[in-house]
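J.: Below is upload_29.txt; it holds compact mmCIF, C-alpha atoms.
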```txt
# COMPACT_ATOMS: atom_id res chain seq x y z
CA MET O 74 1.01 -89.86 50.60
CA LYS O 75 4.03 -92.18 50.64
CA GLN O 76 3.17 -95.81 49.96
CA THR O 77 4.62 -98.87 51.65
CA ALA O 78 5.31 -102.01 49.59
CA PHE O 79 5.89 -105.52 50.93
CA ILE O 80 7.97 -107.62 48.52
CA THR O 81 8.56 -111.35 48.99
CA GLY O 82 11.53 -113.02 47.32
CA ALA O 83 13.31 -109.65 47.34
CA THR O 84 16.91 -110.88 47.42
CA SER O 85 17.28 -111.71 43.73
CA GLY O 86 15.71 -111.59 40.29
CA ILE O 87 12.34 -109.93 39.83
CA GLY O 88 11.93 -109.14 43.53
CA LYS O 89 15.26 -107.34 43.76
CA ALA O 90 14.68 -105.40 40.53
CA THR O 91 11.22 -104.38 41.77
CA ALA O 92 12.69 -103.16 45.06
CA GLU O 93 15.19 -101.06 43.12
CA ILE O 94 12.63 -99.33 40.89
CA PHE O 95 10.31 -98.76 43.87
CA ALA O 96 13.16 -97.18 45.83
CA LYS O 97 13.93 -94.81 42.94
CA ASN O 98 10.32 -93.67 43.13
CA ASN O 99 10.33 -93.11 46.90
CA ILE O 100 8.15 -96.08 47.88
CA ARG O 101 8.82 -97.29 51.43
CA LEU O 102 10.06 -100.90 51.32
CA ILE O 103 9.60 -104.05 53.36
CA LEU O 104 12.02 -106.53 51.81
CA CYS O 105 11.50 -110.21 52.58
CA GLY O 106 13.69 -113.22 51.93
CA ARG O 107 15.61 -116.12 53.43
CA ARG O 108 19.17 -114.84 52.90
CA ALA O 109 20.11 -112.36 55.62
CA ASP O 110 23.33 -111.22 53.95
CA ARG O 111 21.58 -110.27 50.72
CA LEU O 112 18.78 -108.53 52.59
CA GLN O 113 21.31 -106.45 54.48
CA GLU O 114 23.22 -105.52 51.32
CA LEU O 115 20.01 -104.44 49.63
CA LYS O 116 18.89 -102.46 52.67
CA ILE O 117 22.18 -100.53 52.78
CA LYS O 118 21.98 -99.77 49.06
CA LEU O 119 18.32 -98.75 48.87
CA SER O 120 18.19 -96.84 52.17
CA LYS O 121 19.97 -94.02 50.33
CA GLN O 122 16.76 -93.52 48.34
CA THR O 123 13.88 -94.49 50.65
CA GLU O 124 12.97 -95.99 54.02
CA VAL O 125 13.74 -99.74 54.13
CA THR O 126 13.23 -102.53 56.61
CA THR O 127 13.90 -106.23 56.10
CA LEU O 128 12.27 -109.44 57.27
CA LYS O 129 14.12 -112.74 57.15
CA PHE O 130 11.63 -115.60 57.00
CA ASP O 131 10.42 -118.49 54.86
CA VAL O 132 7.03 -117.79 53.26
CA SER O 133 6.19 -121.50 53.40
CA LYS O 134 6.37 -121.51 57.24
CA ARG O 135 3.11 -120.16 58.60
CA LYS O 136 4.42 -119.31 62.07
CA GLU O 137 7.43 -117.49 60.59
CA VAL O 138 5.12 -115.40 58.41
CA GLU O 139 2.91 -114.46 61.35
CA HIS O 140 5.89 -113.60 63.57
CA ALA O 141 7.54 -111.52 60.84
CA LEU O 142 4.44 -109.40 60.27
CA LYS O 143 4.01 -108.76 63.99
CA SER O 144 7.63 -107.63 64.27
CA LEU O 145 7.31 -104.78 61.76
CA PRO O 146 8.26 -101.30 63.05
CA LYS O 147 5.29 -99.00 63.60
CA ASN O 148 5.93 -96.82 60.55
CA PHE O 149 5.95 -99.93 58.30
CA LYS O 150 2.81 -101.61 59.59
CA GLN O 151 0.42 -100.10 57.04
CA ILE O 152 1.06 -102.05 53.84
CA ASP O 153 -0.37 -100.48 50.70
CA VAL O 154 1.11 -102.79 48.06
CA LEU O 155 1.82 -106.51 48.39
CA ILE O 156 4.05 -108.09 45.76
CA ASN O 157 3.69 -111.88 46.03
CA ASN O 158 6.88 -112.67 44.16
CA ALA O 159 8.54 -115.52 46.11
CA GLY O 160 8.51 -118.74 44.12
CA ASN O 161 10.68 -121.50 42.77
CA ALA O 162 10.99 -124.44 40.41
CA HIS O 163 12.74 -127.68 41.31
CA GLY O 164 13.58 -130.31 38.74
CA LEU O 165 12.34 -130.97 35.23
CA SER O 166 11.20 -134.57 35.04
CA PRO O 167 8.31 -136.63 33.69
CA ILE O 168 5.69 -136.95 36.41
CA GLN O 169 6.43 -140.64 36.92
CA GLU O 170 10.04 -139.75 37.78
CA GLY O 171 9.25 -136.71 39.92
CA ASN O 172 11.01 -136.11 43.22
CA LEU O 173 8.55 -135.79 46.10
CA ASP O 174 10.74 -133.31 47.97
CA ASP O 175 10.81 -131.11 44.86
CA TRP O 176 7.04 -131.29 44.62
CA ASP O 177 6.65 -130.30 48.27
CA ALA O 178 9.05 -127.36 47.85
CA MET O 179 7.17 -125.97 44.85
CA LEU O 180 3.71 -126.33 46.34
CA ASP O 181 4.82 -125.04 49.75
CA ILE O 182 6.42 -121.85 48.43
CA ASN O 183 4.49 -121.11 45.23
CA VAL O 184 1.03 -121.81 46.62
CA LYS O 185 0.99 -122.03 50.41
CA GLY O 186 3.55 -119.25 50.78
CA LEU O 187 1.45 -116.89 48.69
CA LEU O 188 -1.59 -117.79 50.77
CA TYR O 189 0.12 -117.35 54.15
CA VAL O 190 1.51 -113.91 53.31
CA SER O 191 -1.73 -112.73 51.70
CA LYS O 192 -3.80 -113.94 54.65
CA ALA O 193 -1.57 -111.99 57.05
CA ILE O 194 -1.83 -108.72 55.10
CA ILE O 195 -5.32 -108.65 53.56
CA PRO O 196 -7.21 -107.85 56.83
CA GLN O 197 -5.53 -104.45 57.20
CA MET O 198 -6.34 -103.65 53.56
CA ILE O 199 -9.98 -104.53 54.22
CA ASP O 200 -9.98 -102.28 57.30
CA ARG O 201 -8.79 -99.34 55.17
CA ASN O 202 -10.91 -100.25 52.14
CA SER O 203 -7.86 -99.95 49.91
CA GLY O 204 -4.78 -101.84 48.83
CA PHE O 205 -3.11 -103.51 45.88
CA ILE O 206 -2.00 -107.14 45.59
CA VAL O 207 0.23 -108.15 42.69
CA ASN O 208 0.69 -111.90 42.24
CA ILE O 209 3.67 -112.94 40.14
CA GLY O 210 2.63 -116.03 38.24
CA SER O 211 4.11 -117.50 35.07
CA THR O 212 3.10 -118.45 31.56
CA ALA O 213 3.44 -121.95 33.06
CA GLY O 214 0.19 -121.10 34.83
CA LYS O 215 -1.49 -120.54 31.47
CA GLU O 216 -0.09 -123.43 29.44
CA VAL O 217 1.50 -126.71 30.54
CA TYR O 218 4.64 -128.06 28.90
CA PRO O 219 6.40 -131.44 28.93
CA LYS O 220 8.06 -132.25 32.27
CA GLY O 221 6.57 -129.10 33.82
CA ASN O 222 3.77 -130.99 35.63
CA VAL O 223 3.93 -129.90 39.30
CA TYR O 224 5.57 -126.53 38.65
CA CYS O 225 2.85 -125.78 36.11
CA ALA O 226 0.21 -126.97 38.58
CA SER O 227 1.55 -124.58 41.22
CA LYS O 228 1.42 -121.66 38.81
CA PHE O 229 -2.06 -122.62 37.59
CA ALA O 230 -2.99 -122.38 41.29
CA VAL O 231 -1.48 -118.87 41.47
CA ASN O 232 -3.57 -117.89 38.44
CA ALA O 233 -6.73 -119.26 40.06
CA LEU O 234 -5.98 -117.60 43.40
CA ASN O 235 -5.34 -114.29 41.66
CA LYS O 236 -8.76 -114.44 40.00
CA SER O 237 -10.44 -115.57 43.22
CA MET O 238 -8.84 -112.79 45.26
CA ARG O 239 -10.12 -110.23 42.80
CA LEU O 240 -13.68 -111.53 43.14
CA ASP O 241 -13.62 -111.81 46.92
CA LEU O 242 -11.92 -108.46 47.55
CA ASN O 243 -13.86 -106.44 44.99
CA GLN O 244 -16.36 -105.22 47.59
CA HIS O 245 -13.46 -103.86 49.66
CA HIS O 246 -12.01 -101.74 46.80
CA ILE O 247 -8.79 -103.77 46.82
CA ARG O 248 -7.07 -104.07 43.46
CA VAL O 249 -5.60 -107.45 42.46
CA ALA O 250 -3.35 -108.06 39.47
CA GLY O 251 -1.58 -111.10 38.07
CA ILE O 252 1.61 -110.78 36.03
CA HIS O 253 2.71 -113.89 34.16
CA PRO O 254 6.20 -113.76 32.60
CA GLY O 255 7.64 -116.18 30.10
CA LEU O 256 11.38 -116.88 30.08
CA VAL O 257 13.20 -114.45 32.40
CA GLU O 258 16.97 -114.66 32.84
CA THR O 259 17.39 -114.89 36.62
CA GLU O 260 18.61 -117.50 39.12
CA PHE O 261 15.44 -119.46 38.33
CA SER O 262 17.06 -122.13 36.15
CA ASN O 263 20.07 -122.43 38.43
CA VAL O 264 17.70 -123.34 41.26
CA ARG O 265 15.62 -125.64 39.05
CA PHE O 266 18.73 -127.57 38.00
CA LYS O 267 20.15 -127.63 41.54
CA GLY O 268 23.22 -125.52 40.85
CA ASP O 269 24.12 -126.97 37.45
CA LYS O 270 25.22 -123.64 35.97
CA GLU O 271 26.03 -125.00 32.51
CA ARG O 272 22.59 -126.53 32.12
CA ALA O 273 20.99 -123.37 33.44
CA LYS O 274 22.99 -121.19 31.05
CA LYS O 275 21.76 -123.18 28.04
CA VAL O 276 18.17 -122.17 28.85
CA TYR O 277 19.01 -118.58 27.94
CA THR O 278 21.42 -119.01 25.01
CA GLY O 279 20.57 -118.26 21.39
CA TYR O 280 17.99 -115.53 22.05
CA LYS O 281 17.35 -112.49 24.26
CA ALA O 282 15.38 -113.53 27.33
CA LEU O 283 13.35 -111.15 29.44
CA GLN O 284 15.36 -109.49 32.19
CA ALA O 285 14.24 -109.00 35.78
CA GLU O 286 14.20 -105.24 35.16
CA ASP O 287 11.67 -105.70 32.34
CA ILE O 288 9.18 -107.28 34.72
CA ALA O 289 9.95 -104.74 37.47
CA ASP O 290 9.12 -101.92 35.04
CA ILE O 291 5.78 -103.59 34.30
CA ILE O 292 5.01 -104.08 37.99
CA TYR O 293 5.72 -100.40 38.67
CA PHE O 294 3.51 -99.38 35.73
CA VAL O 295 0.66 -101.57 36.99
CA ILE O 296 0.69 -100.24 40.55
CA THR O 297 0.90 -96.59 39.49
CA ARG O 298 -2.25 -96.48 37.38
CA PRO O 299 -5.07 -94.28 38.71
CA TYR O 300 -6.98 -96.10 41.42
CA HIS O 301 -10.00 -96.72 39.19
CA VAL O 302 -7.75 -98.70 36.79
CA ASN O 303 -6.86 -102.34 37.52
CA ILE O 304 -4.72 -104.23 35.01
CA GLU O 305 -5.99 -107.57 36.16
CA ASP O 306 -4.07 -110.12 34.10
CA LEU O 307 -0.92 -109.54 32.07
CA VAL O 308 1.14 -112.08 30.10
CA VAL O 309 4.59 -111.09 28.85
CA TYR O 310 6.99 -113.09 26.68
CA PRO O 311 10.37 -112.26 25.23
CA THR O 312 10.01 -111.57 21.50
CA ALA O 313 11.74 -114.87 20.72
CA GLN O 314 9.15 -116.90 22.64
CA ALA O 315 5.74 -117.65 21.12
CA SER O 316 4.52 -120.24 23.63
CA ALA O 317 5.78 -122.58 26.30
CA THR O 318 7.32 -124.82 23.66
CA ILE O 319 8.03 -122.51 20.71
CA LEU O 320 11.25 -120.54 21.01
CA ASN O 321 13.15 -118.94 18.14
CA LYS O 322 16.82 -119.57 18.91
CA THR O 323 19.59 -118.56 16.52
```
Let me see the structure of the file written as structure tokens.
T.:
Amino acid sequence: MKQTAFITGATSGIGKATAEIFAKNNIRLILCGRRADRLQELKIKLSKQTEVTTLKFDVSKRKEVEHALKSLPKNFKQIDVLINNAGNAHGLSPIQEGNLDDWDAMLDINVKGLLYVSKAIIPQMIDRNSGFIVNIGSTAGKEVYPKGNVYCASKFAVNALNKSMRLDLNQHHIRVAGIHPGLVETEFSNVRFKGDKERAKKVYTGYKALQAEDIADIIYFVITRPYHVNIEDLVVYPTAQASATILNKT
């Protein structure tokens, strides 16, 4: 039976790469993001391979999340797989110099956004006694690093919520998995450094970073295991990275 996947943060990076591999494997797609033009481009491209609908909303806005879910076409309303991918990092400063707006943005999207979307979708999974939730965390949710403070805190929260979901939803046969990548070469650093492309580029020079497609392959592998198998917590680094602070650059 054809599955339907709901992907947040689908317009770039890991979300986009995941949408592409899902489409190749005939998974029906609900693509979510804040950039209408990118959503439309992706819909046109992937509709050649599978059924696609898009939802333009901000995961950090509770009313927008609720409205978006209610607006889904009938044949997309049963969601089998939720990929909680939307997230961001803003700034890289010692905590005493942190920008409050940056803190709000990270906590609103990385934590509250994940909660709002999950809360809207979990009830239907409980009703069917089946479903799969994949939460995209970060190695920053396993190990703090200098100047990471609030971003790390938000990803530690994702890690805790992932574990809590698995405990609470176990009785309903819902699988829950957390995937925690290290350095992935996406728009992440460009956003963190507020459009400073040169500074962002330096993050990925001197070694081979993970690519969005690497994580998408892992996500697809995780969701396609037999139903009695749940890969509950997976950490992945590029070979050059040993920890949050140890990176072998040439």
J.: Residues at most 9 Å from O:Thr84, counting all atoms listed in the file, excluding those fewer than 2 positions away in the same chain, as a list of chain:residue names?
T.: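 Near neighbours after the sequence-gap exclusion: O:Thr81, O:Gly82, O:Gly86, O:Ile87, O:Gly88, O:Lys89, O:Leu104, O:Cys105, O:Gly106, O:Arg107, O:Arg108, O:Ala109, O:Arg111, O:Leu112, O:Leu115.
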J.: If we count only C-alpha atoms and set the cut-off at 10 Å, which residues sit around O:Arg248, ignoring sequence neighbours fewer than 4 positions away in its own chain? Please answer as a list in words.
T.: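 After dropping sequence-adjacent residues, the list is Val154, Ser203, Gly204, Phe205, Ile206, Val207, Met238, Arg239, Leu240, Leu242, Asn243, Ile296, Tyr300, His301, Val302, Asn303, Ile304 and Glu305 of chain O.
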J.: Closest to O:Phe229 among O:Ser211, O:Thr297, O:Asn98, O:Asn263, using only C-alpha atoms?
T.: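 The closest residue to O:Phe229 is O:Ser211.
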J.: Between O:Lys220, O:Lys192, O:Lys228, O:Arg101, single out the one closest to O:Met179, counting only C-alpha atoms.
T.: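 Selected residue with least distance to O:Met179: O:Lys228.
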J.: Counting only C-alpha atoms, note down every residue that has an atom within 12 Å of the point (11.9, -97.8, 52.1) (file coordinates), as a PyMOL selection string.
T.: chain O and resi 75-80+92-104+115-127+148-149+152
J.: List as JSON, numbers by chain the protein and nucleic acid residues near O:Glu170, meaning an atom at most 12 Å away when only C-alpha atoms are counted, but skip any in the same chain fewer than 5 places from it.
T.: {"O": [164, 165, 175, 176, 220, 221, 222, 223]}
J.: Which residue gives the smallest distance to O:Tyr310 among O:Ala282, O:Leu128, O:Val264, O:Val184, with all atoms listed in the file counted?
T.: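 Among O:Ala282, O:Leu128, O:Val264, O:Val184, it is O:Ala282 that comes nearest to O:Tyr310.
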J.: Nearest residue to O:Val138 out of O:Arg201, O:Lys236, O:Lys185, O:His246, using only C-alpha atoms?
T.: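 Nearest to O:Val138: O:Lys185.
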J.: Could you tell me which of O:Ile209, O:Val309, O:Ala250, O:Ile194 comes closest to O:Leu145 if we count all atoms listed in the file?
T.: O:Ile194
J.: Residues within 12 Å of O:Pro311, please, as a PyMOL selection string. Count only C-alpha atoms; anything in the same chain fewer than 4 positions from it doesn't count.
T.: chain O and resi 212+253-258+277+280-285+287-288+315-317+319-322
J.: Can you work out which one of O:Leu188, O:Gln169, O:Gln113, O:Asp174 has the shortest atom-to-atom distance to O:Ser133, counting all atoms listed in the file?
T.: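 The closest residue to O:Ser133 is O:Leu188.
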J.: Build an axis-aligned box that encloses every atom of stretch 98-108 of chain O listed in the file, pad it by 5 Å on each side, and report its centre and edge lengths in Å to one decimal, as lines of an AutoDock Vina configuration file.
T.:
```
center_x = 13.7
center_y = -104.6
center_z = 48.3
size_x = 21.0
size_y = 33.0
size_z = 20.3
```
